[in-house]
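So the structure is just underneath, and the comments pick up after that.
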Amino acid sequence: MPFIPHTPADVRSMLERIGAASIDELFDEIDPALMGADFGAIDSGVDEMTMLAELAASARQDETGPCFIGAGCYDHHIPAAVWDIASRGEFLTAYTPYQAEASQGTLQLIYEYQSMMIALTGMEVANASVYDGGGALAESVLMAVRANRRAKGVDLHHVAIAGACHPHYVDAAASIVRNQGIAVDRLDFGRDGQACLDALDAAGAPAAVVVQQPNFFGLIEPVDDIVRIAHERGALVIAVVNPLALALLKPPGEWGDRGADIVCGDGQPLGIPMASGGPSFGFICTRRSHVRQLPGRIVGRTTDRAGRPGFTLTLQAREQHIRRGKATSNICTNQGLLVTAATIHLALMGADGLRRAAAGSHAKTGRLVRELTAIEGVSQRFAAPFFHECVIDLGQPADPVAATLADAGLLAGLPLERYYPELANCLLVCATEKRTEAEIARFGTALAGALGR
Amino acid sequence: MPFIPHTPADVRSMLERIGAASIDELFDEIDPALMGADFGAIDSGVDEMTMLAELAASARQDETGPCFIGAGCYDHHIPAAVWDIASRGEFLTAYTPYQAEASQGTLQLIYEYQSMMIALTGMEVANASVYDGGGALAESVLMAVRANRRAKGVDLHHVAIAGACHPHYVDAAASIVRNQGIAVDRLDFGRDGQACLDALDAAGAPAAVVVQQPNFFGLIEPVDDIVRIAHERGALVIAVVNPLALALLKPPGEWGDRGADIVCGDGQPLGIPMASGGPSFGFICTRRSHVRQLPGRIVGRTTDRAGRPGFTLTLQAREQHIRRGKATSNICTNQGLLVTAATIHLALMGADGLRRAAAGSHAKTGRLVRELTAIEGVSQRFAAPFFHECVIDLGQPADPVAATLADAGLLAGLPLERYYPELANCLLVCATEKRTEAEIARFGTALAGALGR
Amino acid sequence: MTAGKTIYDIGRTGRSAASQHTPSGDVAALPSACLRSTPPQLPEVSELQAVRHYTGLSAKNFAIDRQFYPLGSCTMKYNPRGAHRAASQPGFLNRHPLAPATVSQGFLACLHDLQEVLKAVTGMAAVSLTPMAGAQGEFTGVAMIRAYHDARGDRDRREIVVPSAAHGTNPATATMCGYTAREVAVGADGDVDMEELKAAIGKHTAGIMLTNPSTCGVFERRILEISDLVHDAGGLLYYDGANLNAILGKVRPADMGFDVLHTNLHKTFATPHGGGGPGAGPVAVNERLLPFLPTPWVERAENGGYRWVDETARPQSIGRLSAFMGNAGILLRALAYARMLGREGMTRVGEYATLNANYLMARLRDAGFQLAYPDRRASHEFIITLRQEAKQWGVTAMDFAKRLLDYGFHAPTTYFPLLVAECLLIEPTETETKEELDAFADAMQRIREEAERDPELVKTAPHSLPIERLDDVKAARELDLGGPPG
Amino acid sequence: MTAGKTIYDIGRTGRSAASQHTPSGDVAALPSACLRSTPPQLPEVSELQAVRHYTGLSAKNFAIDRQFYPLGSCTMKYNPRGAHRAASQPGFLNRHPLAPATVSQGFLACLHDLQEVLKAVTGMAAVSLTPMAGAQGEFTGVAMIRAYHDARGDRDRREIVVPSAAHGTNPATATMCGYTAREVAVGADGDVDMEELKAAIGKHTAGIMLTNPSTCGVFERRILEISDLVHDAGGLLYYDGANLNAILGKVRPADMGFDVLHTNLHKTFATPHGGGGPGAGPVAVNERLLPFLPTPWVERAENGGYRWVDETARPQSIGRLSAFMGNAGILLRALAYARMLGREGMTRVGEYATLNANYLMARLRDAGFQLAYPDRRASHEFIITLRQEAKQWGVTAMDFAKRLLDYGFHAPTTYFPLLVAECLLIEPTETETKEELDAFADAMQRIREEAERDPELVKTAPHSLPIERLDDVKAARELDLGGPPG
Ligand SMILES: Cc1ncc(COP(=O)(O)O)c(C=O)c1O
Ligand SMILES: Cc1ncc(COP(=O)(O)O)c(C=O)c1O
């Protein structure tokens with residue numbers, strides 16, 4: 001019996017103590033009519049060896065050559081120590097740290113994580129994670145609407161997206177906040193691919209303005225201006241950021257007049273494997289004044305009976321298990337293990353290591369863009385400076401080209417037609433610090449071949 | 001500075017405390033003539049990411065399809081839990097448990113390991129490992145000669161190998177014991193591939209007789225007879241065994257009149273990846289009366305000041321760090337981590353799991369032999385019963401055939417010409433419980449193709 | 001030694017784990033106005049320091065791999081290492097979420113297999129794997145209920161009914177979906193109070209959220225009656241699958257009348273909780289709600305391969321809930337577990353979880369503890385109330401919980417469900433041995449003796465952990481939520 | 001809770017980790033006489049029990065990943081996780097040792113690269129990677145010395161000279177090679193006593209085994225003189241590379257006059273010690289001994305590829321020492337480490353190991369401890385003697401060692417080398433921080449105060465570990481070496 005330790009003698013003596021004749025008898029309160037189901041559609045079990053062989057075969061089937069897709073999920077180097085430690089049973093198989101004294105490991109780690117995220121974003125407080133970047137944006141929107149509910153003249157049923165924010169993030173946020181009567185308005189981006197300040201000017205008085213830095217196209221946004229305009233209109237500013245980029249870029253806490261109000265994003269670039277997009281984790285940071293609107297777990301430092309410092313979940317009155325229907329969110333289980341990995345990752349990288357990974361990725365993408373645009377008919381779609389992603393115009397529909405290259409084992413970037421019909425000829429490409437010169441050259445050659453050049 | 005934590009400020013203040021002006025000054029007792037070497041042949045260092053990419057490329061280069069080679073190293077299933085636990089820093093980065101109180105984890109584990117090896121072999125004591133199966137045989141020969149030194153009429157300069165023992169084991173043992181003036185005589189095996197009792201009868205009075213069960217050809221040896229004959233001549237019996245086979249086969253402690261005297265072998269089948277043949281571990285078990293001749297670490301159970309049970313290295317007076325030139329062996333570092341893995345493996349498998357792995361391998365090899373011998377001109381070389389390896393006669397030189405199949409990604413078995421010129425047409429094949437029907441069929445098809453059938 | 005020190009405390013300016021320094025690059029192409037002026041204040045430690053620090057922190061956690069962890073409602077069972085290994089194959093870890101389906105057939109096949117398993121165990125018509133935890137599954141389900149009513153123009157239904165024993169995520173979910181949560185009481189026998197329920201249900205009712213067995217640790221016996229009641233009023237039934245472990249392979253939620261549900265893979269399907277996540281909360285629906293299922297999910301294509309289903313194919317879908325497809329790695333672990341259990345193994349889960357709970361309940365009853373529902377069978381969990389002990393000796397459920405830590409056991413769930421005073425909700429799970437249950441029962445009995453003999457000892461526990469009882473009030477009052485040192 | 005219980009104690013008849021039960025098979029083809037009549041008595045536990053038991057045992061170990069571990073002569077430095085990862089690639093783990101060279105070029109290239117690195121750091125002409133630990137390297141080296149003399153017909157050399165400070169493996173190795181070990185004294189300054197040495201060397205001398213810096217923690221200053229002396233007498237010099245960490249990238253053993261050596265990759269090249277192994281002890285030789293190198297090793301083929309060299313190509317080889325090619329996985333880890341350090345990194349190893357040792361020596365000296373060689377520089381390690389403390393307060397080196405455990409530090413090496421009474425041999429390694437060294441020095445100082453004030457406290461240490469001081473005498477007298485319970 002896989003995973004069940006009972007011997008026949010155990011079962012006998014346990015039933016005796018219970019006073020039941022059989023295990024079946026323990027189900028005698030259930031209407032027998034409910035018990036007749038046929039589970040034959042489920043196969044018989046297999047041993048671990050066989051299961052591993054099956055799943056390994058599936059995994060092997062999907063192995064490809066180098067990945068040049070980014071779009072919110074990036075193939076960065078992860079120090080070997082990160083997952084060796086994060087996978088220790090003590091982190092992997094613990095629950096949420098409700099019993100603080102028996103969970104100081106996880107609690108201190110989250111406290112350290114909060115500190116690191118505060119340092120990266122330039123904000124004042126951080127939570128212990130939400131599900132992912134998309135969910136983080138949704139929760140940030142809800143939070144902004146709550147936090148701004150006393151502002152005058154602000155439309156609490158609208159938030160505005162300034163420029164090209166990840167379409168999946170926007171979709172996820174829209175699906176979620178729609179139920180509370182909040183609409184997410186996508187403002188046009190400009191011809192240069194950056195947020196259009198005029199569109200923002202014309203957007204009325206949304207409760208919040210969302211801006212992604214770097215934006216979905218990899219471009220640097222004029223965040224200082226956006227923050228200033230948004231604040232002038234009484235909107236709170238939600239910054240969606242790539243935490244790795246923050247090793248280089250100005251922290252949202254310093255944007256514009258008084259910084260962004262809420263900073264969110266996905267932690268994947270911080271030591272999380274791509275793994276089909278999950279599990280990763282979403283983060284939310286904000287000002288101290290909004291901390292009671294923050295969803296999710298928060299860890300605080302306190303002392304024990306003997307006066308020694310220790311860590312515990314705090315401000316739980318925001319949460320569903322205390323506040324129930326009035327909680328800031330329904331979130332319970334979050335993405336703790338990924339936060340564990342990200343914390344170890346950040347400790348190992350330090351500011352310098354993180355900066356190198358960011359600058360290295362930036363430089364490799366520059367190199368890639370030069371390689372690709374050297375092909376006749378291939379050009380850079382937007383001229384604005386980019387971080388580590390770039391929109392490449394192939395001069396012909398990108399989707400079939402990407403498919404051809406995928407069949408040849410090279411993930412050539414994300415065709416944009418699905419999201420922006422006007423960009424049907426475009427690929428969004430990314431080269432992280434892990435991509436080698438040889439791989440970039442291979443991409444160039446393969447693309448030229450696929451284009452018949 | 002990879003792995004060196006010193007800041008410039010640290011270095012300054014440390015040198016100050018030492019009273020030296022520079023780190024170089026700390027080397028001022030060394031003749032400057034010795035310090036001029038040029039280390040330019042060593043490349044500059046690379047970061048972990050780059051190193052991992054380099055070594056991963058090398059590793060990928062050697063990936064092949066299914067492995068049907070055995071010959072002392074077997075592709076068995078290893079439960080995922082085994083290495084997840086054995087790789088924990090507390091096992092991986094500890095030293096030999098000299099400070100017992102700070103090493104109870106490793107010490108108790110070795111005690112459990114000793115118990116399990118005693119159960120498997122039917123002997124009375126076990127050591128905590130030697131380097132590998134070959135080394136274990138060498139140490140067993142030395143040990144037998146020492147243990148038998150008072151026997152009358154026995155030639156302490158000769159040991160005899162009855163039948164086909166792994167040629168690498170014999171070579172290793174011969175290279176090692178030669179220096180103490182001991183010759184290892186290989187007796188002929190019979191036409192049936194098994195040890196020839198007549199050859200043994202004619203072998204004089206060696207200090208010890210070595211027999212491998214199953215033998216190098218995978219065949220079951222008449223161990224009861226061999227032990228009886230050997231003992232009649234005053235020789236000690238050294239059994240070389242596959243510990244996995246002992247889940248099925250009669251334990252050496254029960255062989256013949258009074259069992260083997262020393263049992264050794266390689267622990268690789270117990271949860272150790274093939275990994276190019278190492279690290280694995282060698283084991284030696286013996287009778288209690290020979291324990292003081294046993295080389296290597298031994299753990300005993302004792303009590304602490306408070307009377308609680310605890311574990312410690314014991315009988316250290318046998319060892320080099322105490323006895324120096326008079327020690328039973330020079331072994332110091334052994335193969336502790338592999339013993340850790342094997343112990344966890346044995347605990348997870350239990351007698352039943354181990355028996356299934358053994359019987360499953362036996363059955364799969366039977367299936368393979370039927371598949372291969374169905375090909376015209378291919379036959380089983382020896383008719384005797386085999387455990388999970390078998391000598392297959394291809395009717396034409398085996399070496400080029402194996403090379404052809406290897407190029408096609410299939411490791412077809414070990415060509416035997418190198419070891420036995422008379423078996424130039426033969427392959428030693430093995431199918432563990434991991435080999436699938438499809439892989440066996442693929443072998444059949446590929447072999448038929450290579451033979452032009 | 002770094003006891004009590006944070007990673008910042010052990011850092012020094014200029015120190016680093018230098019082998020993690022990858023080649024840098026020129027950033028001159030970036031306008032200087034967008035760059036940060038000072039580097040972020042991250043710890044500056046060597047690789048050994050980081051490894052030692054976090055290895056050391058891990059040692060301060062209780063975890064299933066170390067301790068019995070009978071946390072009610074959380075199903076802290078063994079998390080097979082084989083499942084972890086299966087999901088950690090390079091082909092899975094290195095797969096980009098937006099890789100074309102043509103080079104993702106292995107992964108898609110796995111998701112499809114898991115969808116089929118979940119359909120079979122729940123009896124539902126379709127599954128979406130995308131929700132990232134139970135609460136997101138609840139959100140998804142209730143959002144679908146709302147989309148269903150909306151699609152029918154039935155816009156006046158504003159209430160979601162939940163029993164008072166419901167998990168906090170249930171009412172919180174109702175709110176997130178724009179509904180009002182209406183609580184109904186639970187009777188003395190642990191079942192929902194039918195009179196209250198009847199009074200609560202009406203044309204304003206969008207639906208009801210139930211978990212069965214409930215968080216009272218008993219099976220809601222009148223479930224078919226409730227189902228008829230709600231359906232007759234035009235509402236739908238949501239099944240909170242957090243407790244599915246109790247009836248896995250025995251009873252299908254669909255047969256109880258539920259229209260939609262989530263399963264907590266991190267409970268029933270043994271994926272690790274990770275110190276707070278990640279989980280996965282796939283939703284399953286009957287035909288009625290199928291058009292509203294969140295995207296993406298996987299279906300078989302005509303050519304025998306697999307393909308993603310997205311909004312273009314399902315225009316009524318409530319849409320996307322996360323940037324990609326959900327917690328893929330958790331889904332793979334669940335599939336691995338399902339493969340190892342198979343049909344027979346799943347049935348055994350419910351049986352042995354129930355056996356363990358009833359046995360431990362009997363042992364504690366015999367040791368003098370008061371059961372919340374003494375006349376009922378335990379499901380996979382049960383409740384004891386320490387009302388008596390609190391009144392007589394001043395020793396509360398929390399004190400028992402803390403003292404258990406000294407005995408090397410994680411505490412059961414405390415003070416949930418809220419309706420039972422001084423309660424402990426105890427869920428042993430099927431993967432624990434009788435000996436472990438006996439040891440736990442013995443410890444509880446000893447603590448009870450201590451509570452009578454030396455209440456201070458229990459009230460000031462724990463005594464043997466790296467830290468003593470923490471001051472939660474101070475934590476909330478004098479907020480110290482971290483931040484870089486300088 | 002399984003504290004103090006063995007895996008057998010927690011087993012029950014009929015219990016198993018059933019998902020490890022692979023399909024069995026028919027064994028009717030095996031003669032029943034060769035089969036066992038009863039199954040071996042192995043533990044019968046569930047998978048969770050095994051995981052919990054061994055995870056729990058691991059927590060009872062000190063280890064580098066948890067504690068400062070200044071074990072002299074053992075070089076307990078950080079073992080990079082990246083090197084562990086590199087060697088754990090599936091392509092490496094699944095490679096069969098007898099796979100044809102044509103499908104092994106990746107692996108062979110790695111071995112060749114490591115051979116080249118070792119040649120460069122030692123200055124030697126050729127390397128064989130096959131020895132599985134330092135002691136096997138020593139055996140190999142001395143066996144080669146013997147083969148060399150034998151090949152020249154020079155059969156009367158029966159002695160290997162070793163300093164009295166030598167590691168026990170040195171004389172034991174001499175014996176295993178059929179030689180007699182002749183010990184020579186070490187002078188008060190830590191260098192070998194030249195007069196004794198001169199007297200010991202002669203035409204009966206096969207060779208000398210030296211480690212430099214020596215296990216006295218000092219550099220043997222007259223090494224060139226010794227080399228001439230031995231060579232002039234027709235003997236050869238063996239370098240025990242256990243202490244190579246002290247001079248890595250600064251001084252090459254070849255330049256000191258050594259003919260043959262081993263390196264402990266599990267020390268100098270940072271591969272983990274694994275609680276007692278595995279290690280790897282590659283040997284390097286100059287041209288003189290090259291024909292005798294053990295097999296197999298790797299050389300470049302004409303086509304640019306790599307191939308194995310075996311006895312057929314090297315008929316004078318001392319032959320094979322193990323079934324396959326050595327501890328391949330350890331060699332790969334060492335290569336990974338060497339790649340990350342590179343030339344500059346290697347030089348720094350010796351420098352910072354030396355800096356740390358001299359600093360810690362200064363701190364302990366200032367704290368009142370007596371240095372064994374106060375007028376000498378420390379190499380990467382140094383010795384203090386607690387003769388005074390033992391005489392005055394009855395507190396021995398062992399007591400200090402045990403008390404250090406209470407302070408969270410692993411003890412230094414005790415009572416080795418034998419020639420210094422009540423000694424601790426302390427090796428901090430280059431990967432420890434100044435703060436860690438300071439904390440250790442502070443602890444030593446406090447223990448010294450305790451030894452004066454409350455000697456019993458120290459003599460009965462440790463007090464804070466799961467177990468108190470163990471009775472080694474009883475262990476050896478009342479031998480309990482395990483065995484199945486029944
Ligand atoms: C009964 C019940 N419902 C819902 C949930 C929420 O699930 P999750 O934590 O996965 O969001 C839980 C989790 O504890 C639960 O016990
Ligand atoms: C000086 C010295 N020589 C030789 C050895 C033996 O090395 P190994 O343990 O790898 O066999 C050691 C190991 O402790 C040592 O310190």
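Labels used: A, B, ... for chains in the order of the structure tokens, numbers from 1 for residues in each chain, and numbers from 1 for ligands as shown.
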
Review point. Residues within 6 Å of ligand 1 (only C-alpha atoms and all ligand atoms), as a list in words?
Key: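 If we count only C-alpha atoms and all ligand atoms, the neighbours of ligand 1 turn out to be Ile331, Cys332 and Thr333 of chain A; Ser73, Cys74, Ala133, Gly134, Ala135, His167, Thr169, Asp240, Ala242, Asn264 and Gly279 of chain C.
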
Exercise for review: Quick one: everything within 9 Å of Val46 of chain B, counting only C-alpha atoms, minus sequence neighbours fewer than 6 positions away in the same chain. Send it as a VMD selection string.
Suggested key: (chain C and resid 19 22) or (chain D and resid 339 to 342)

Exercise for review: Residues within 10 Å of ligand 2 should be enumerated using only C-alpha atoms and all ligand atoms and returned as number ranges by chain.
Suggested key: B: 95-96, 320-321, 330-334; D: 71-75, 131-139, 165-170, 173, 209-216, 239-244, 262-267, 273, 276-281, 413, 416-417

Practice item. Enumerate as a PyMOL selection string the residues belonging to chain D that approach chain A to within 8 Å, with only C-alpha atoms taken into account. Key: chain D and resi 12-22+45-48+55+80-82+85

**Study point:** Given only C-alpha atoms as the counted atoms, nearest of A:Arg150, A:Arg323, A:His77, A:Arg186 to chain B
**Key:** A:His77

Exercise for review: Please provide the set of residues having any atom within 8 Å of segment 182-187 of chain D, restricted to only C-alpha atoms, with same-chain residues fewer than 5 positions apart removed, written as a ChimeraX atom specification.
Suggested key: /D:159-165,171,192-193,196-197,200

Counting only C-alpha atoms, which residues in chain C sit no more than 8 Å from chain D? For each one, give the nearest pair of atoms and the distance in Å, sorted by chain then residue number, as JSON lines.
{"residue": "C:Met1", "atom": "CA", "partner": "D:Gly408", "partner_atom": "CA", "distance": 6.8}
{"residue": "C:Ser19", "atom": "CA", "partner": "D:Met340", "partner_atom": "CA", "distance": 6.7}
{"residue": "C:Leu48", "atom": "CA", "partner": "D:Tyr78", "partner_atom": "CA", "distance": 5.9}
{"residue": "C:Val51", "atom": "CA", "partner": "D:Asp65", "partner_atom": "CA", "distance": 6.3}
{"residue": "C:Arg52", "atom": "CA", "partner": "D:Asp65", "partner_atom": "CA", "distance": 4.8}
{"residue": "C:His53", "atom": "CA", "partner": "D:Arg66", "partner_atom": "CA", "distance": 7.8}
{"residue": "C:Thr55", "atom": "CA", "partner": "D:Arg66", "partner_atom": "CA", "distance": 6.7}
{"residue": "C:Gly56", "atom": "CA", "partner": "D:Arg66", "partner_atom": "CA", "distance": 6.1}
{"residue": "C:Ala59", "atom": "CA", "partner": "D:Ala59", "partner_atom": "CA", "distance": 7.7}
{"residue": "C:Ile64", "atom": "CA", "partner": "D:Arg52", "partner_atom": "CA", "distance": 7.7}
{"residue": "C:Asp65", "atom": "CA", "partner": "D:Arg52", "partner_atom": "CA", "distance": 4.9}
{"residue": "C:Arg66", "atom": "CA", "partner": "D:Arg52", "partner_atom": "CA", "distance": 5.2}
{"residue": "C:Gln67", "atom": "CA", "partner": "D:Met1", "partner_atom": "CA", "distance": 7.3}
{"residue": "C:Phe68", "atom": "CA", "partner": "D:Met1", "partner_atom": "CA", "distance": 7.9}
{"residue": "C:Tyr78", "atom": "CA", "partner": "D:Leu48", "partner_atom": "CA", "distance": 5.9}
{"residue": "C:Met340", "atom": "CA", "partner": "D:Ser19", "partner_atom": "CA", "distance": 6.7}
{"residue": "C:Gly408", "atom": "CA", "partner": "D:Met1", "partner_atom": "CA", "distance": 6.8}
{"residue": "C:Thr431", "atom": "CA", "partner": "D:Leu48", "partner_atom": "CA", "distance": 7.2}
{"residue": "C:Glu432", "atom": "CA", "partner": "D:Leu48", "partner_atom": "CA", "distance": 7.9}
{"residue": "C:Glu436", "atom": "CA", "partner": "D:Met1", "partner_atom": "CA", "distance": 7.0}
{"residue": "C:Ala439", "atom": "CA", "partner": "D:Met1", "partner_atom": "CA", "distance": 7.4}

Just-selected residues, N, CA and C atoms written as a PDB file, in the first residue's frame:
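As a result, part_28.pdb now contains:
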ATOM      1  N   MET C   1      29.082  31.384  14.412  1.00  0.00           N
ATOM      2  CA  MET C   1      27.708  31.113  14.835  1.00  0.00           C
ATOM      3  C   MET C   1      26.818  32.309  14.513  1.00  0.00           C
ATOM      4  N   SER C  19      31.521  33.490  -7.165  1.00  0.00           N
ATOM      5  CA  SER C  19      31.365  32.593  -8.303  1.00  0.00           C
ATOM      6  C   SER C  19      29.973  32.716  -8.906  1.00  0.00           C
ATOM      7  N   LEU C  48      29.496  30.364   1.368  1.00  0.00           N
ATOM      8  CA  LEU C  48      29.406  29.513   2.561  1.00  0.00           C
ATOM      9  C   LEU C  48      28.498  30.154   3.608  1.00  0.00           C
ATOM     10  N   VAL C  51      24.916  29.594   2.533  1.00  0.00           N
ATOM     11  CA  VAL C  51      24.537  28.186   2.677  1.00  0.00           C
ATOM     12  C   VAL C  51      24.351  27.834   4.153  1.00  0.00           C
ATOM     13  N   ARG C  52      25.290  28.269   4.975  1.00  0.00           N
ATOM     14  CA  ARG C  52      25.216  27.921   6.401  1.00  0.00           C
ATOM     15  C   ARG C  52      24.030  28.618   7.074  1.00  0.00           C
ATOM     16  N   HIS C  53      23.817  29.856   6.703  1.00  0.00           N
ATOM     17  CA  HIS C  53      22.726  30.621   7.311  1.00  0.00           C
ATOM     18  C   HIS C  53      21.374  29.979   7.000  1.00  0.00           C
ATOM     19  N   THR C  55      20.727  26.953   5.730  1.00  0.00           N
ATOM     20  CA  THR C  55      20.651  25.586   6.248  1.00  0.00           C
ATOM     21  C   THR C  55      20.295  25.646   7.735  1.00  0.00           C
ATOM     22  N   GLY C  56      20.926  26.549   8.435  1.00  0.00           N
ATOM     23  CA  GLY C  56      20.645  26.730   9.858  1.00  0.00           C
ATOM     24  C   GLY C  56      19.204  27.157  10.097  1.00  0.00           C
ATOM     25  N   ALA C  59      16.734  24.367   9.931  1.00  0.00           N
ATOM     26  CA  ALA C  59      16.727  23.491  11.110  1.00  0.00           C
ATOM     27  C   ALA C  59      15.800  24.020  12.202  1.00  0.00           C
ATOM     28  N   ILE C  64       6.890  17.995   7.998  1.00  0.00           N
ATOM     29  CA  ILE C  64       6.488  16.576   7.950  1.00  0.00           C
ATOM     30  C   ILE C  64       7.703  15.667   7.923  1.00  0.00           C
ATOM     31  N   ASP C  65       8.728  16.081   7.211  1.00  0.00           N
ATOM     32  CA  ASP C  65       9.909  15.228   7.115  1.00  0.00           C
ATOM     33  C   ASP C  65      10.623  15.073   8.457  1.00  0.00           C
ATOM     34  N   ARG C  66      10.241  15.874   9.437  1.00  0.00           N
ATOM     35  CA  ARG C  66      10.844  15.752  10.760  1.00  0.00           C
ATOM     36  C   ARG C  66       9.842  15.301  11.834  1.00  0.00           C
ATOM     37  N   GLN C  67       8.614  15.834  11.787  1.00  0.00           N
ATOM     38  CA  GLN C  67       7.693  15.627  12.906  1.00  0.00           C
ATOM     39  C   GLN C  67       6.299  15.223  12.436  1.00  0.00           C
ATOM     40  N   PHE C  68       5.581  14.579  13.311  1.00  0.00           N
ATOM     41  CA  PHE C  68       4.140  14.386  13.145  1.00  0.00           C
ATOM     42  C   PHE C  68       3.501  15.775  13.161  1.00  0.00           C
ATOM     43  N   TYR C  78       2.524  12.557   3.998  1.00  0.00           N
ATOM     44  CA  TYR C  78       3.837  12.407   3.373  1.00  0.00           C
ATOM     45  C   TYR C  78       3.812  12.961   1.948  1.00  0.00           C
ATOM     46  N   MET C 340       1.172   6.900  -8.915  1.00  0.00           N
ATOM     47  CA  MET C 340       1.676   5.907  -7.958  1.00  0.00           C
ATOM     48  C   MET C 340       0.535   5.287  -7.151  1.00  0.00           C
ATOM     49  N   GLY C 408       7.756  17.322  20.747  1.00  0.00           N
ATOM     50  CA  GLY C 408       8.219  16.950  19.421  1.00  0.00           C
ATOM     51  C   GLY C 408       7.101  16.723  18.409  1.00  0.00           C
ATOM     52  N   THR C 431      -0.844   8.603   6.311  1.00  0.00           N
ATOM     53  CA  THR C 431       0.540   8.148   6.173  1.00  0.00           C
ATOM     54  C   THR C 431       1.269   8.010   7.509  1.00  0.00           C
ATOM     55  N   GLU C 432       0.555   8.242   8.602  1.00  0.00           N
ATOM     56  CA  GLU C 432       1.192   8.091   9.909  1.00  0.00           C
ATOM     57  C   GLU C 432       0.918   6.706  10.488  1.00  0.00           C
ATOM     58  N   GLU C 436       2.906   6.290  15.974  1.00  0.00           N
ATOM     59  CA  GLU C 436       3.012   7.750  16.048  1.00  0.00           C
ATOM     60  C   GLU C 436       1.749   8.314  16.703  1.00  0.00           C
ATOM     61  N   ALA C 439       1.922   7.671  20.354  1.00  0.00           N
ATOM     62  CA  ALA C 439       2.856   8.575  21.032  1.00  0.00           C
ATOM     63  C   ALA C 439       2.229   9.947  21.212  1.00  0.00           C
TER      64      ALA C 439
END

Practice item. Name all residues at most 6 Å from Val241 of chain B (count only C-alpha atoms; drop same-chain ones fewer than 5 positions away) and give them as a ChimeraX atom specification. Key: /B:212-213,265

Check your understanding: Which of these, B:His345, B:His76, B:Arg12, B:Arg301, has the shortest distance to chain A once you count only C-alpha atoms?
Key ->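 Ranked by minimum distance to chain A, first place goes to B:His76.
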
Point to revise | 12 Å contact set for Gln388 of chain D, only C-alpha atoms, chain neighbours under 2 positions out, as a ChimeraX atom specification | key: /D:368-372,384-386,390-397,421-423,448,451-452

Could you turn the residues from that selection into a file that holds C-alpha atoms, as a short mmCIF file (atom, residue, chain, number, x, y, z; two decimals), in the first residue's frame?
data_model
loop_
_atom_site.label_atom_id
_atom_site.label_comp_id
_atom_site.auth_asym_id
_atom_site.auth_seq_id
_atom_site.Cartn_x
_atom_site.Cartn_y
_atom_site.Cartn_z
CA GLY D 368 47.08 32.95 26.58
CA PHE D 369 47.31 29.68 24.73
CA GLN D 370 50.68 28.07 24.22
CA LEU D 371 51.77 27.56 20.64
CA ALA D 372 53.69 24.43 19.76
CA ILE D 384 48.47 24.69 20.34
CA THR D 385 49.38 22.58 23.31
CA LEU D 386 47.23 22.44 26.42
CA ALA D 390 46.06 19.83 31.72
CA LYS D 391 48.69 20.02 34.42
CA GLN D 392 47.24 22.97 36.32
CA TRP D 393 43.53 22.35 36.07
CA GLY D 394 43.30 18.78 34.88
CA VAL D 395 41.53 19.91 31.75
CA THR D 396 42.83 18.11 28.67
CA ALA D 397 42.85 18.81 24.98
CA ALA D 421 51.47 16.64 24.12
CA GLU D 422 47.84 17.65 24.66
CA CYS D 423 47.69 19.24 21.28
CA ARG D 448 39.97 28.53 29.29
CA ALA D 451 38.73 25.45 32.94
CA GLU D 452 40.26 27.58 35.63
#
